[in-house]
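**Student:** The structure that follows is given in the form of structure tokens.
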Amino acid sequence: MMAFSGWLWDTAFAPFAEFAFMRRALVATLALSLSAAPLGVFLTLRRMSLLGDALSHAVLPGVAIGFMLSGLSLTAMAFGGVVAGMLVAGIAGLVTRFTSLKEDASLAAIYLVALALGVMLISGHGTQLDLLHILFGSALGVDSQGLLMVAGVASVSVLLLAALYRGLVLESFDPVFLGAAGRRGWLWQQGFLMLVVINLVAGFQTLGTLMAVGLMMLPAVSSRLWHDTLPAQLVNASVQAMLASAAGLLLSYHLDTPSGPTIIACAGALYALSLLFAPGGWLPRVLGTTHRVA
């Protein structure tokens, strides 16, 4: 028993107790899990699951310009990422409004161009290490400034999501009623997109621009397999994201693997377990258990 307790402490708790960088990484990823995963639930609810992926790539040119002007300045890169993300979302909306293209098609075209442009800018003005850092992040390298930014974004995001909750639910389930009630649906849409963008920008510091969307979407998709009701899905998504964050950091520490991809791989493992064992997954269906997903 004593041997097991010692092994458990050394494996699961000692890295966080002994190293400040592990504690900062844990707090940052837990805060991001609390704010980003519920947004992923709303994206899946609105059948916009790929929007997060598009916007996570769309912020790259802004991050690259911030890097060119100020080096690895977190403030400059974050500001550039927010501006670029909102600009791409706005351009995609205009293309959809004034042409025959649907929003998903216009977003796909624009984010691919934005991704290519961002990689070109960073490659031309930095090293390969700078490019890898921005694309894949480093949760174990989060400093005090990065931690404050992630915590601030998470706090503001949770408060704004609570304030927008009823409008977002109405806009997702019954946009016609929302319009008939005299409320402009596009305001809720733009406010929601802003929350998605700032969470993706906050996530690039820990997970990188390519991986940030994983913590937003994988737990959200998994939660729909477990619950019918929206509040339960929101809680489940955050809990799964937190579990993936803690497990990913520990595996990254012990196996010496990149922290961001390892966290997303853990989220993928939870998704695979959900596919098998959740009420909406494969095994209950084989055994004849019914489940209705909202």
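Naming scheme: A, B, ... for chains in displayed order of the structure tokens; residues 1 onward per chain; ligands 1 onward as shown.
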Would you mind listing what lies within 12 Å of Ser144 of chain A as a PyMOL selection string, with only C-alpha atoms counted and same-chain residues fewer than 6 positions away left out?

**Tutor:** chain A and resi 20-21+23-25+27-28+74+150-151+205

**Student:** Any chance you can output those residues with all heavy atoms as a compact mmCIF listing (two decimals), in the first residue's frame?

**Tutor:**
```txt
# COMPACT_ATOMS: atom_id res chain seq x y z
N ALA A 20 7.36 24.90 -10.68
CA ALA A 20 6.44 26.03 -10.89
C ALA A 20 5.92 26.06 -12.32
O ALA A 20 4.76 26.43 -12.55
CB ALA A 20 7.16 27.34 -10.56
N PHE A 21 6.75 25.67 -13.30
CA PHE A 21 6.29 25.70 -14.69
C PHE A 21 5.15 24.71 -14.92
O PHE A 21 4.25 24.96 -15.74
CB PHE A 21 7.44 25.46 -15.66
CG PHE A 21 7.98 24.05 -15.67
CD1 PHE A 21 7.43 23.09 -16.50
CD2 PHE A 21 9.05 23.71 -14.86
CE1 PHE A 21 7.94 21.80 -16.52
CE2 PHE A 21 9.56 22.42 -14.88
CZ PHE A 21 9.01 21.45 -15.70
N ARG A 23 2.91 23.92 -12.58
CA ARG A 23 1.73 24.52 -11.96
C ARG A 23 1.14 25.61 -12.85
O ARG A 23 -0.08 25.71 -13.00
CB ARG A 23 2.09 25.09 -10.58
CG ARG A 23 2.46 24.02 -9.56
CD ARG A 23 2.48 24.59 -8.15
NE ARG A 23 3.54 25.57 -7.96
CZ ARG A 23 4.78 25.26 -7.59
NH1 ARG A 23 5.11 24.00 -7.39
NH2 ARG A 23 5.68 26.21 -7.42
N ARG A 24 2.00 26.43 -13.45
CA ARG A 24 1.49 27.47 -14.35
C ARG A 24 0.79 26.85 -15.56
O ARG A 24 -0.28 27.31 -15.99
CB ARG A 24 2.64 28.37 -14.82
CG ARG A 24 3.15 29.34 -13.76
CD ARG A 24 4.02 30.41 -14.38
NE ARG A 24 5.22 29.85 -15.00
CZ ARG A 24 6.39 29.73 -14.39
NH1 ARG A 24 6.51 30.12 -13.12
NH2 ARG A 24 7.43 29.22 -15.02
N ALA A 25 1.39 25.79 -16.12
CA ALA A 25 0.78 25.12 -17.26
C ALA A 25 -0.57 24.53 -16.88
O ALA A 25 -1.55 24.61 -17.65
CB ALA A 25 1.71 24.03 -17.79
N VAL A 27 -2.68 25.48 -14.41
CA VAL A 27 -3.69 26.53 -14.20
C VAL A 27 -4.14 27.12 -15.53
O VAL A 27 -5.33 27.35 -15.76
CB VAL A 27 -3.11 27.62 -13.28
CG1 VAL A 27 -4.08 28.81 -13.19
CG2 VAL A 27 -2.86 27.07 -11.88
N ALA A 28 -3.20 27.34 -16.45
CA ALA A 28 -3.55 27.93 -17.75
C ALA A 28 -4.47 27.01 -18.54
O ALA A 28 -5.48 27.46 -19.10
CB ALA A 28 -2.28 28.22 -18.54
N LEU A 74 3.85 38.58 -26.27
CA LEU A 74 2.55 37.95 -26.17
C LEU A 74 1.43 38.94 -26.44
O LEU A 74 0.44 38.63 -27.11
CB LEU A 74 2.39 37.34 -24.76
CG LEU A 74 1.09 36.59 -24.48
CD1 LEU A 74 0.92 35.45 -25.46
CD2 LEU A 74 1.08 36.08 -23.05
N VAL A 150 -4.35 34.22 -20.14
CA VAL A 150 -5.29 33.10 -20.26
C VAL A 150 -6.36 33.18 -19.17
O VAL A 150 -7.55 33.00 -19.44
CB VAL A 150 -4.54 31.75 -20.19
CG1 VAL A 150 -5.53 30.59 -20.15
CG2 VAL A 150 -3.61 31.60 -21.38
N ALA A 151 -5.94 33.48 -17.94
CA ALA A 151 -6.90 33.57 -16.84
C ALA A 151 -7.88 34.72 -17.06
O ALA A 151 -9.08 34.60 -16.79
CB ALA A 151 -6.16 33.75 -15.52
N GLN A 205 -1.00 30.37 -26.98
CA GLN A 205 0.16 30.44 -26.11
C GLN A 205 0.48 29.08 -25.49
O GLN A 205 1.64 28.72 -25.30
CB GLN A 205 -0.11 31.48 -25.00
CG GLN A 205 0.88 31.48 -23.84
CD GLN A 205 2.24 32.00 -24.23
OE1 GLN A 205 2.46 32.39 -25.37
NE2 GLN A 205 3.18 32.00 -23.29
```

**Student:** Residues within 9 Å of Ser56 of chain A, please, as an MDAnalysis selection string. Count only C-alpha atoms; anything in the same chain fewer than 4 positions from it doesn't count.

**Tutor:** chainID A and resid 51:52 60 85 111 197 200:201 204 209:213

**Student:** Next, the residues of the selection above should be written as a PDB file, in the first residue's frame with C-alpha atoms.

**Tutor:**
```pdb
ATOM      1  CA  LEU A  51     -15.775  27.145 -37.723  1.00  0.00           C
ATOM      2  CA  GLY A  52     -13.437  26.822 -34.753  1.00  0.00           C
ATOM      3  CA  LEU A  60      -2.159  33.152 -37.770  1.00  0.00           C
ATOM      4  CA  GLY A  85      -9.712  36.381 -36.574  1.00  0.00           C
ATOM      5  CA  TYR A 111      -8.786  30.494 -43.787  1.00  0.00           C
ATOM      6  CA  VAL A 197     -11.674  34.154 -31.401  1.00  0.00           C
ATOM      7  CA  LEU A 200      -8.421  30.594 -29.646  1.00  0.00           C
ATOM      8  CA  VAL A 201      -5.944  33.448 -29.308  1.00  0.00           C
ATOM      9  CA  PHE A 204      -2.221  29.592 -28.971  1.00  0.00           C
ATOM     10  CA  THR A 209      -2.713  27.921 -33.310  1.00  0.00           C
ATOM     11  CA  LEU A 210      -3.071  24.431 -34.820  1.00  0.00           C
ATOM     12  CA  MET A 211      -3.915  22.637 -31.557  1.00  0.00           C
ATOM     13  CA  ALA A 212      -5.991  25.272 -29.699  1.00  0.00           C
ATOM     14  CA  VAL A 213      -9.217  24.251 -31.395  1.00  0.00           C
TER      15      VAL A 213
END
```

**Student:** Write out as a PyMOL selection string the residues lying within 9 Å of segment 115-120 of chain A, counting only C-alpha atoms and excluding same-chain residues fewer than 5 positions away.

**Tutor:** chain A and resi 57-65+110+125+131+135

**Student:** Save the residues we just selected, all heavy atoms, as a compact mmCIF listing (two decimals), in the first residue's frame?

**Tutor:**
```txt
# COMPACT_ATOMS: atom_id res chain seq x y z
N HIS A 57 -6.96 28.84 -37.62
CA HIS A 57 -5.97 29.08 -38.65
C HIS A 57 -5.99 30.54 -39.09
O HIS A 57 -4.96 31.09 -39.47
CB HIS A 57 -6.25 28.20 -39.87
CG HIS A 57 -6.06 26.74 -39.61
ND1 HIS A 57 -6.98 25.99 -38.92
CD2 HIS A 57 -5.07 25.88 -39.94
CE1 HIS A 57 -6.57 24.74 -38.84
NE2 HIS A 57 -5.41 24.64 -39.44
N ALA A 58 -7.18 31.16 -39.02
CA ALA A 58 -7.32 32.53 -39.50
C ALA A 58 -6.56 33.53 -38.65
O ALA A 58 -6.18 34.60 -39.15
CB ALA A 58 -8.81 32.91 -39.54
N VAL A 59 -6.32 33.22 -37.37
CA VAL A 59 -5.62 34.18 -36.51
C VAL A 59 -4.13 34.22 -36.81
O VAL A 59 -3.43 35.15 -36.36
CB VAL A 59 -5.82 33.85 -35.01
CG1 VAL A 59 -7.30 33.78 -34.66
CG2 VAL A 59 -5.12 32.55 -34.61
N LEU A 60 -3.60 33.27 -37.58
CA LEU A 60 -2.16 33.15 -37.77
C LEU A 60 -1.52 34.38 -38.44
O LEU A 60 -0.45 34.80 -38.00
CB LEU A 60 -1.84 31.89 -38.56
CG LEU A 60 -0.36 31.50 -38.65
CD1 LEU A 60 0.24 31.34 -37.26
CD2 LEU A 60 -0.19 30.21 -39.44
N PRO A 61 -2.13 34.99 -39.47
CA PRO A 61 -1.49 36.18 -40.04
C PRO A 61 -1.35 37.32 -39.03
O PRO A 61 -0.33 38.00 -39.01
CB PRO A 61 -2.43 36.57 -41.19
CG PRO A 61 -3.15 35.33 -41.54
CD PRO A 61 -3.31 34.59 -40.26
N GLY A 62 -2.37 37.51 -38.18
CA GLY A 62 -2.27 38.55 -37.17
C GLY A 62 -1.18 38.25 -36.15
O GLY A 62 -0.43 39.15 -35.73
N VAL A 63 -1.10 36.98 -35.74
CA VAL A 63 -0.03 36.57 -34.83
C VAL A 63 1.33 36.78 -35.49
O VAL A 63 2.28 37.26 -34.85
CB VAL A 63 -0.21 35.09 -34.42
CG1 VAL A 63 0.99 34.59 -33.63
CG2 VAL A 63 -1.49 34.91 -33.61
N ALA A 64 1.42 36.47 -36.77
CA ALA A 64 2.68 36.62 -37.50
C ALA A 64 3.09 38.09 -37.59
O ALA A 64 4.27 38.43 -37.40
CB ALA A 64 2.55 36.03 -38.90
N ILE A 65 2.15 38.97 -37.87
CA ILE A 65 2.47 40.40 -37.95
C ILE A 65 2.89 40.93 -36.59
O ILE A 65 3.85 41.71 -36.47
CB ILE A 65 1.26 41.19 -38.50
CG1 ILE A 65 1.02 40.80 -39.96
CG2 ILE A 65 1.49 42.69 -38.38
CD1 ILE A 65 -0.24 41.38 -40.56
N ILE A 110 -11.04 31.35 -47.29
CA ILE A 110 -10.30 32.45 -46.66
C ILE A 110 -9.31 31.95 -45.63
O ILE A 110 -8.18 32.43 -45.53
CB ILE A 110 -11.29 33.47 -46.05
CG1 ILE A 110 -12.12 34.12 -47.16
CG2 ILE A 110 -10.54 34.55 -45.27
CD1 ILE A 110 -13.27 34.96 -46.64
N HIS A 125 10.57 35.80 -41.47
CA HIS A 125 11.11 36.75 -40.50
C HIS A 125 11.49 36.10 -39.17
O HIS A 125 11.74 36.80 -38.19
CB HIS A 125 10.08 37.86 -40.23
CG HIS A 125 9.81 38.72 -41.41
ND1 HIS A 125 8.95 38.35 -42.43
CD2 HIS A 125 10.31 39.94 -41.77
CE1 HIS A 125 8.90 39.32 -43.35
NE2 HIS A 125 9.72 40.29 -42.98
N LEU A 131 8.47 29.32 -35.68
CA LEU A 131 7.29 28.81 -36.38
C LEU A 131 6.66 27.66 -35.61
O LEU A 131 5.43 27.62 -35.43
CB LEU A 131 7.69 28.35 -37.79
CG LEU A 131 6.57 27.75 -38.65
CD1 LEU A 131 5.47 28.76 -38.89
CD2 LEU A 131 7.13 27.25 -39.98
N LEU A 135 2.89 27.59 -34.01
CA LEU A 135 1.94 26.62 -34.55
C LEU A 135 1.50 25.60 -33.50
O LEU A 135 0.33 25.21 -33.47
CB LEU A 135 2.54 25.89 -35.75
CG LEU A 135 2.74 26.70 -37.03
CD1 LEU A 135 3.37 25.84 -38.10
CD2 LEU A 135 1.43 27.30 -37.52
```

**Student:** Env of Phe192 of chain A: 10 Å cut, atoms = only C-alpha atoms, seq-sep filter 3 positions within chain, self excluded. Answer as number ranges by chain.

**Tutor:** A: 39, 42-43, 157, 160-161, 164-165, 168, 186-189, 195-197

**Student:** Can you list, as a list of chain:residue names, every protein, DNA or RNA residue that comes within 12 Å of Val95 of chain A when you count only C-alpha atoms, leaving out same-chain residues fewer than 6 positions away?

**Tutor:**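 My reading of the contact set: A:Val88, A:Ala89, A:Leu101, A:Lys102, A:Glu103, A:Asp104, A:Ala105, A:Ser106, A:Leu107, A:Ala108, A:Ala109, A:Ile110.
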
**Student:** May I have the selected residues written with all heavy atoms, as a compact mmCIF listing (two decimals), in the first residue's frame?

**Tutor:**
```txt
# COMPACT_ATOMS: atom_id res chain seq x y z
N VAL A 88 -11.26 37.98 -40.65
CA VAL A 88 -11.59 36.83 -41.51
C VAL A 88 -13.06 36.46 -41.36
O VAL A 88 -13.75 36.19 -42.36
CB VAL A 88 -10.70 35.63 -41.15
CG1 VAL A 88 -11.24 34.34 -41.78
CG2 VAL A 88 -9.27 35.88 -41.62
N ALA A 89 -13.58 36.46 -40.12
CA ALA A 89 -15.01 36.16 -39.92
C ALA A 89 -15.88 37.19 -40.62
O ALA A 89 -16.91 36.85 -41.23
CB ALA A 89 -15.32 36.11 -38.43
N LEU A 101 -22.05 31.99 -52.50
CA LEU A 101 -21.33 31.04 -51.67
C LEU A 101 -21.94 30.96 -50.27
O LEU A 101 -22.34 31.97 -49.70
CB LEU A 101 -19.85 31.44 -51.54
CG LEU A 101 -18.95 31.22 -52.76
CD1 LEU A 101 -17.56 31.74 -52.48
CD2 LEU A 101 -18.90 29.74 -53.13
N LYS A 102 -21.97 29.75 -49.71
CA LYS A 102 -22.40 29.56 -48.33
C LYS A 102 -21.25 29.93 -47.39
O LYS A 102 -20.09 30.01 -47.79
CB LYS A 102 -22.83 28.11 -48.09
CG LYS A 102 -24.01 27.66 -48.94
CD LYS A 102 -25.26 28.46 -48.60
CE LYS A 102 -26.46 27.95 -49.41
NZ LYS A 102 -27.69 28.72 -49.13
N GLU A 103 -21.58 30.13 -46.10
CA GLU A 103 -20.59 30.60 -45.15
C GLU A 103 -19.45 29.60 -44.97
O GLU A 103 -18.29 29.99 -44.84
CB GLU A 103 -21.25 30.89 -43.80
CG GLU A 103 -20.32 31.58 -42.81
CD GLU A 103 -21.03 32.00 -41.54
OE1 GLU A 103 -22.06 31.39 -41.21
OE2 GLU A 103 -20.55 32.93 -40.89
N ASP A 104 -19.77 28.30 -44.97
CA ASP A 104 -18.70 27.32 -44.77
C ASP A 104 -17.71 27.33 -45.92
O ASP A 104 -16.50 27.21 -45.72
CB ASP A 104 -19.29 25.93 -44.57
CG ASP A 104 -20.13 25.46 -45.75
OD1 ASP A 104 -20.59 26.32 -46.53
OD2 ASP A 104 -20.33 24.24 -45.89
N ALA A 105 -18.22 27.52 -47.16
CA ALA A 105 -17.33 27.54 -48.32
C ALA A 105 -16.45 28.78 -48.31
O ALA A 105 -15.24 28.70 -48.60
CB ALA A 105 -18.17 27.51 -49.61
N SER A 106 -17.01 29.94 -47.98
CA SER A 106 -16.21 31.16 -47.95
C SER A 106 -15.17 31.12 -46.83
O SER A 106 -14.03 31.55 -47.01
CB SER A 106 -17.12 32.38 -47.78
OG SER A 106 -17.88 32.31 -46.58
N LEU A 107 -15.54 30.56 -45.68
CA LEU A 107 -14.59 30.42 -44.58
C LEU A 107 -13.45 29.49 -44.96
O LEU A 107 -12.28 29.76 -44.65
CB LEU A 107 -15.30 29.91 -43.33
CG LEU A 107 -15.78 30.94 -42.32
CD1 LEU A 107 -16.58 30.26 -41.22
CD2 LEU A 107 -14.64 31.73 -41.73
N ALA A 108 -13.78 28.38 -45.62
CA ALA A 108 -12.76 27.42 -46.02
C ALA A 108 -11.74 28.07 -46.94
O ALA A 108 -10.52 27.88 -46.79
CB ALA A 108 -13.40 26.21 -46.69
N ALA A 109 -12.21 28.85 -47.89
CA ALA A 109 -11.30 29.50 -48.84
C ALA A 109 -10.42 30.54 -48.14
O ALA A 109 -9.21 30.59 -48.35
CB ALA A 109 -12.11 30.16 -49.95
N ILE A 110 -11.04 31.35 -47.29
CA ILE A 110 -10.30 32.45 -46.66
C ILE A 110 -9.31 31.95 -45.63
O ILE A 110 -8.18 32.43 -45.53
CB ILE A 110 -11.29 33.47 -46.05
CG1 ILE A 110 -12.12 34.12 -47.16
CG2 ILE A 110 -10.54 34.55 -45.27
CD1 ILE A 110 -13.27 34.96 -46.64
```
